[in-house]
>>> print(open('target_28.txt').read())   # compact mmCIF, C-alpha atoms
# COMPACT_ATOMS: atom_id res chain seq x y z
CA MET A 163 161.92 25.71 -168.86
CA ASP A 164 164.64 24.02 -170.90
CA THR A 165 165.94 25.83 -173.96
CA PRO A 166 166.73 23.90 -177.16
CA SER A 167 170.41 24.29 -176.23
CA ASP A 168 169.75 22.72 -172.80
CA ILE A 169 167.83 19.85 -174.42
CA ARG A 170 170.57 19.29 -177.01
CA GLN A 171 173.20 19.13 -174.26
CA ARG A 172 171.10 16.77 -172.14
CA TRP A 173 170.57 14.50 -175.16
CA LEU A 174 174.30 14.42 -175.90
CA ASP A 175 175.07 13.66 -172.24
CA GLU A 176 172.52 10.81 -172.24
CA GLU A 177 174.03 9.42 -175.46
CA ARG A 178 177.55 9.49 -173.97
CA SER A 179 176.27 7.66 -170.91
CA VAL A 180 174.63 4.95 -173.02
CA ARG A 181 177.73 4.57 -175.21
CA ARG A 182 179.93 4.09 -172.12
CA ARG A 183 177.73 1.23 -170.91
CA MET A 184 177.11 -0.51 -174.23
CA ALA A 185 179.17 -3.54 -175.22
CA GLU A 186 181.07 -3.82 -178.48
CA VAL A 187 178.94 -4.52 -181.53
CA GLY A 188 178.09 -8.10 -182.37
CA VAL A 189 175.28 -10.60 -182.39
CA ILE A 190 174.27 -13.26 -179.92
CA SER A 191 173.43 -16.85 -180.81
CA PRO A 192 169.87 -17.66 -181.90
CA ASP A 193 169.45 -19.86 -178.78
CA GLN A 194 170.53 -17.02 -176.52
CA LEU A 195 168.34 -14.51 -178.38
CA LYS A 196 165.21 -16.62 -178.06
CA SER A 197 165.79 -17.00 -174.32
CA PHE A 198 165.10 -13.28 -173.81
CA GLY A 199 161.82 -11.45 -173.98
CA GLY A 200 162.20 -8.28 -176.05
CA LEU A 201 162.11 -5.87 -173.12
CA GLU A 202 164.68 -7.98 -171.28
CA PHE A 203 166.94 -8.10 -174.35
CA TRP A 204 166.94 -4.32 -174.78
CA GLY A 205 167.47 -3.80 -171.07
CA GLN A 206 170.53 -6.05 -171.34
CA ALA A 207 171.73 -4.17 -174.45
CA LEU A 208 171.48 -0.84 -172.62
CA GLN A 209 173.46 -2.29 -169.69
CA GLY A 210 176.15 -3.71 -171.97
CA THR A 211 175.61 -7.38 -171.13
CA VAL A 212 174.72 -8.32 -174.72
CA PRO A 213 176.44 -6.91 -177.82
CA ALA A 214 175.24 -3.71 -179.41
CA PRO A 215 173.62 -4.24 -182.83
CA PRO A 216 176.23 -3.67 -185.61
CA ILE A 217 173.96 -1.16 -187.40
CA THR A 218 174.49 1.22 -184.47
CA ARG A 219 178.16 1.51 -185.42
CA THR A 220 177.46 1.69 -189.16
CA LEU A 221 175.09 4.66 -188.86
CA GLY A 222 176.27 6.05 -185.52
CA PHE A 223 173.02 5.87 -183.57
CA VAL A 224 172.19 4.19 -180.26
CA PRO A 225 169.16 3.12 -178.26
CA ILE A 226 168.57 5.67 -175.50
CA SER A 227 165.66 4.14 -173.61
CA VAL A 228 163.07 1.39 -173.78
CA ALA A 229 159.83 0.62 -171.97
CA ARG A 230 157.07 -1.80 -172.81
CA GLY A 231 155.78 -0.73 -176.23
CA GLU A 232 158.17 2.21 -176.54
CA ALA A 233 161.73 2.86 -177.69
CA VAL A 234 163.90 5.91 -178.28
CA PHE A 235 166.97 5.89 -180.53
CA GLN A 236 169.31 8.83 -181.05
CA GLY A 237 171.83 9.80 -183.68
CA THR A 238 173.54 12.87 -185.03
CA PRO A 239 173.52 13.15 -188.83
CA SER A 240 176.99 13.49 -190.31
CA PHE A 241 178.50 14.19 -193.71
CA GLU A 242 178.84 10.42 -194.26
CA HIS A 243 175.04 10.21 -194.34
CA TYR A 244 174.64 12.76 -197.17
CA ASN A 245 173.15 12.07 -200.59
CA PRO A 246 174.28 13.89 -203.77
CA LEU A 247 171.92 16.81 -202.97
CA GLY A 248 173.86 17.71 -199.82
CA ILE A 249 171.28 16.52 -197.28
CA VAL A 250 170.95 13.33 -195.25
CA HIS A 251 169.92 10.33 -197.35
CA GLY A 252 166.41 8.96 -196.81
CA GLY A 253 167.93 5.61 -195.86
CA TYR A 254 169.23 7.16 -192.63
CA PHE A 255 165.70 8.28 -191.71
CA PHE A 256 164.32 4.89 -192.70
CA THR A 257 166.84 2.88 -190.67
CA LEU A 258 166.51 5.08 -187.60
CA LEU A 259 162.70 4.86 -187.69
CA ASP A 260 162.72 1.12 -188.47
CA SER A 261 165.00 0.59 -185.46
CA ALA A 262 162.89 2.65 -183.03
CA ALA A 263 159.50 1.35 -184.17
CA GLY A 264 160.75 -2.24 -184.51
CA CYS A 265 162.40 -2.12 -181.10
CA ALA A 266 159.13 -0.80 -179.61
CA VAL A 267 157.40 -3.88 -181.05
CA HIS A 268 160.20 -6.13 -179.77
CA THR A 269 159.66 -4.86 -176.21
CA THR A 270 156.14 -6.34 -176.24
CA LEU A 271 157.25 -9.84 -177.25
CA PRO A 272 157.80 -12.79 -174.93
CA ALA A 273 160.88 -14.99 -175.03
CA GLY A 274 160.94 -17.19 -178.10
CA THR A 275 159.00 -14.77 -180.32
CA GLY A 276 160.72 -12.99 -183.18
CA PHE A 277 159.60 -10.27 -185.57
CA THR A 278 160.44 -8.75 -188.91
CA THR A 279 159.27 -5.63 -190.68
CA LEU A 280 156.58 -6.35 -193.28
CA GLU A 281 156.03 -2.73 -194.27
CA LEU A 282 157.25 0.69 -193.27
CA LYS A 283 155.59 3.82 -194.63
CA ILE A 284 157.44 7.06 -194.08
CA ASN A 285 156.59 10.72 -194.54
CA PHE A 286 159.59 13.03 -194.85
CA ILE A 287 158.73 16.42 -193.36
CA ARG A 288 162.03 18.29 -193.07
CA ALA A 289 165.59 17.60 -194.23
CA LEU A 290 168.39 16.57 -191.90
CA THR A 291 171.88 18.09 -192.25
CA THR A 292 175.06 18.20 -190.21
CA GLY A 293 173.70 21.42 -188.70
CA THR A 294 170.59 19.71 -187.31
CA GLY A 295 172.42 18.26 -184.31
CA PRO A 296 171.19 15.19 -182.48
CA VAL A 297 167.82 13.74 -183.43
CA ARG A 298 165.63 11.24 -181.67
CA ALA A 299 163.49 8.56 -183.24
CA MET A 300 160.65 7.61 -180.93
CA GLY A 301 158.75 4.39 -181.59
CA LYS A 302 155.44 3.47 -179.99
CA VAL A 303 153.31 0.35 -180.43
CA ILE A 304 149.73 0.91 -181.56
CA HIS A 305 148.70 -2.77 -181.66
CA SER A 306 150.40 -6.06 -180.84
CA GLY A 307 148.48 -9.21 -181.68
CA ARG A 308 149.30 -12.88 -182.20
CA SER A 309 150.75 -12.59 -185.70
CA THR A 310 151.25 -8.88 -186.40
CA ALA A 311 152.09 -5.68 -184.60
CA ILE A 312 151.72 -2.07 -185.71
CA ALA A 313 153.85 0.79 -184.45
CA GLU A 314 154.43 4.42 -185.27
CA GLY A 315 157.59 6.45 -185.13
CA ARG A 316 158.73 10.03 -185.41
CA ILE A 317 162.06 11.80 -185.73
CA GLU A 318 162.42 15.09 -183.87
CA ASP A 319 165.34 17.40 -183.20
CA ALA A 320 166.18 19.14 -179.91
CA ASP A 321 164.14 22.16 -181.00
CA GLY A 322 161.05 19.92 -181.13
CA ARG A 323 160.85 20.12 -184.94
CA LEU A 324 159.37 17.08 -186.66
CA HIS A 325 161.54 15.65 -189.46
CA ALA A 326 159.71 12.41 -190.35
CA LEU A 327 156.82 10.16 -189.39
CA CYS A 328 156.31 6.46 -190.02
CA THR A 329 153.98 3.57 -189.45
CA THR A 330 155.19 0.00 -189.58
CA THR A 331 153.64 -3.42 -189.63
CA CYS A 332 155.70 -6.27 -188.22
CA LEU A 333 155.21 -10.01 -188.63
CA LEU A 334 155.46 -11.92 -185.34
CA PHE A 335 156.62 -15.56 -185.33
CA PRO A 336 157.94 -18.29 -183.05
CA MET A 337 161.71 -18.52 -183.24
CA ALA A 338 162.93 -21.94 -184.29
>>> encode(input="target_28.txt", output="structure tokens")
Amino acid sequence: MDTPSDIRQRWLDEERSVRRRMAEVGVISPDQLKSFGGLEFWGQALQGTVPAPPITRTLGFVPISVARGEAVFQGTPSFEHYNPLGIVHGGYFFTLLDSAAGCAVHTTLPAGTGFTTLELKINFIRALTTGTGPVRAMGKVIHSGRSTAIAEGRIEDADGRLHALCTTTCLLFPMA
């Protein structure tokens, strides 16, 4: 059975592997973006054939894995993410969960379909600090229809402790 230390090390190794493969940050053209289904896009992002989203550099997290209706993002909270109270700002949680849950929705979409977050509701369970180590945000689709999709997300550390939960509703639309 893996110890939390083993899990933490495996997570860090997986993150290094993803970072080595990922391309520099950037964005692709709208025409190129709409030519990909969501799962194909994220597969390309993980292989480094399309640019990594700029937010991954800003907040220091990366996508770790994707499957249809699921996505895992990982980051390690740092001092730069702190609020005046000496803990990680809620915006870090929010962005990490929005990325994982939104990406999970994206993986269900065909080429030419876009999405945007309509609502994200978050419950903060436990603070994040620089001592927490790597955390994973896991997104999973609950429902994907013609015009909306609903997903849930959770942030956990390598010890299996829950730090936050979310539900999100995304608007689905044809890309022009």
>>> residues_near_point(input="target_28.txt", point="(171.1, 8.7, -186.3)", cutoff="8 Å", atoms="only C-alpha atoms", output="NGL selection string")
:A and (221-224 or 235-239 or 254-255 or 258 or 296-298)
>>> atom_distance(input="target_28.txt", atom1="CA of Ala289 (chain A)", atom2="CA of His325 (chain A)")
6.6 Å
>>> closest_residue(input="target_28.txt", among="A:Ser179, A:Thr218, A:Ser191, A:Thr330", to="Thr278 (chain A)", atoms="only C-alpha atoms")
A:Thr330
>>> closest_residue(input="target_28.txt", among="A:Ile284, A:Leu290, A:Arg170, A:Gly200", to="His243 (chain A)", atoms="all atoms listed in the file")
A:Leu290
>>> atom_distance(input="target_28.txt", atom1="CA of Thr291 (chain A)", atom2="CA of Arg181 (chain A)")
22.5 Å
>>> atom_distance(input="target_28.txt", atom1="CA of Lys302 (chain A)", atom2="CA of Gly231 (chain A)")
5.6 Å
>>> residues_around(input="target_28.txt", residues="Asp260 (chain A)", least_positions_apart="6", cutoff="9 Å", atoms="all atoms listed in the file", output="list in words")
Thr279, Leu282, Gly301, Gly315, Cys328 and Thr330 of chain A
>>> write_last_selection(input="target_28.txt", atoms="C-alpha atoms", output="compact mmCIF listing (two decimals), in the frame of the given file")
# COMPACT_ATOMS: atom_id res chain seq x y z
CA THR A 279 159.27 -5.63 -190.68
CA LEU A 282 157.25 0.69 -193.27
CA GLY A 301 158.75 4.39 -181.59
CA GLY A 315 157.59 6.45 -185.13
CA CYS A 328 156.31 6.46 -190.02
CA THR A 330 155.19 0.00 -189.58
>>> residues_near_point(input="target_28.txt", point="(175.8, -3.9, -178.3)", cutoff="8 Å", atoms="only C-alpha atoms", output="list in words")
Met184, Ala185, Glu186, Val187, Gly188, Val189, Ala207, Leu208, Gly210, Thr211, Val212, Pro213, Ala214, Pro215 and Pro216 of chain A
>>> write_last_selection(input="target_28.txt", atoms="C-alpha atoms", output="mmCIF file, keeping the file's coordinate frame")
data_model
loop_
_atom_site.group_PDB
_atom_site.id
_atom_site.type_symbol
_atom_site.label_atom_id
_atom_site.label_comp_id
_atom_site.auth_asym_id
_atom_site.auth_seq_id
_atom_site.Cartn_x
_atom_site.Cartn_y
_atom_site.Cartn_z
ATOM 1 C CA MET A 184 177.110 -0.510 -174.230
ATOM 2 C CA ALA A 185 179.170 -3.540 -175.220
ATOM 3 C CA GLU A 186 181.070 -3.820 -178.480
ATOM 4 C CA VAL A 187 178.940 -4.520 -181.530
ATOM 5 C CA GLY A 188 178.090 -8.100 -182.370
ATOM 6 C CA VAL A 189 175.280 -10.600 -182.390
ATOM 7 C CA ALA A 207 171.730 -4.170 -174.450
ATOM 8 C CA LEU A 208 171.480 -0.840 -172.620
ATOM 9 C CA GLY A 210 176.150 -3.710 -171.970
ATOM 10 C CA THR A 211 175.610 -7.380 -171.130
ATOM 11 C CA VAL A 212 174.720 -8.320 -174.720
ATOM 12 C CA PRO A 213 176.440 -6.910 -177.820
ATOM 13 C CA ALA A 214 175.240 -3.710 -179.410
ATOM 14 C CA PRO A 215 173.620 -4.240 -182.830
ATOM 15 C CA PRO A 216 176.230 -3.670 -185.610
#
>>> axis_aligned_box(input="target_28.txt", around="region 280-286 of chain A", padding_each_side="6 Å", output="lines of an AutoDock Vina configuration file")
center_x = 157.6
center_y = 3.3
center_z = -194.1
size_x = 16.0
size_y = 31.4
size_z = 13.6
>>> residues_around(input="target_28.txt", residues="Val234 (chain A)", least_positions_apart="3", cutoff="10 Å", atoms="all atoms listed in the file", output="list in words")
Val224, Pro225, Ile226, Ser227, Val228, Ala229, Leu258, Leu259, Ser261, Ala262, Ala263, Cys265, Ala266, Arg298, Ala299, Met300, Gly301, Lys302, Gly315, Arg316 and Ile317 of chain A
>>> residues_around(input="target_28.txt", residues="Thr331 (chain A)", least_positions_apart="3", cutoff="6 Å", atoms="only C-alpha atoms", output="list in words")
Leu280, Glu281, Ala311 and Ile312 of chain A
>>> closest_residue(input="target_28.txt", among="A:Glu318, A:Glu177, A:Asp164, A:Asp193", to="Thr275 (chain A)", atoms="all atoms listed in the file")
A:Asp193
>>> closest_residue(input="target_28.txt", among="A:Thr294, A:Arg323, A:Glu202, A:Ser240", to="His268 (chain A)", atoms="all atoms listed in the file")
A:Glu202
>>> residues_around(input="target_28.txt", residues="Met337 (chain A)", least_positions_apart="2", cutoff="8 Å", atoms="all atoms listed in the file", output="ChimeraX atom specification")
/A:196,274-276,335
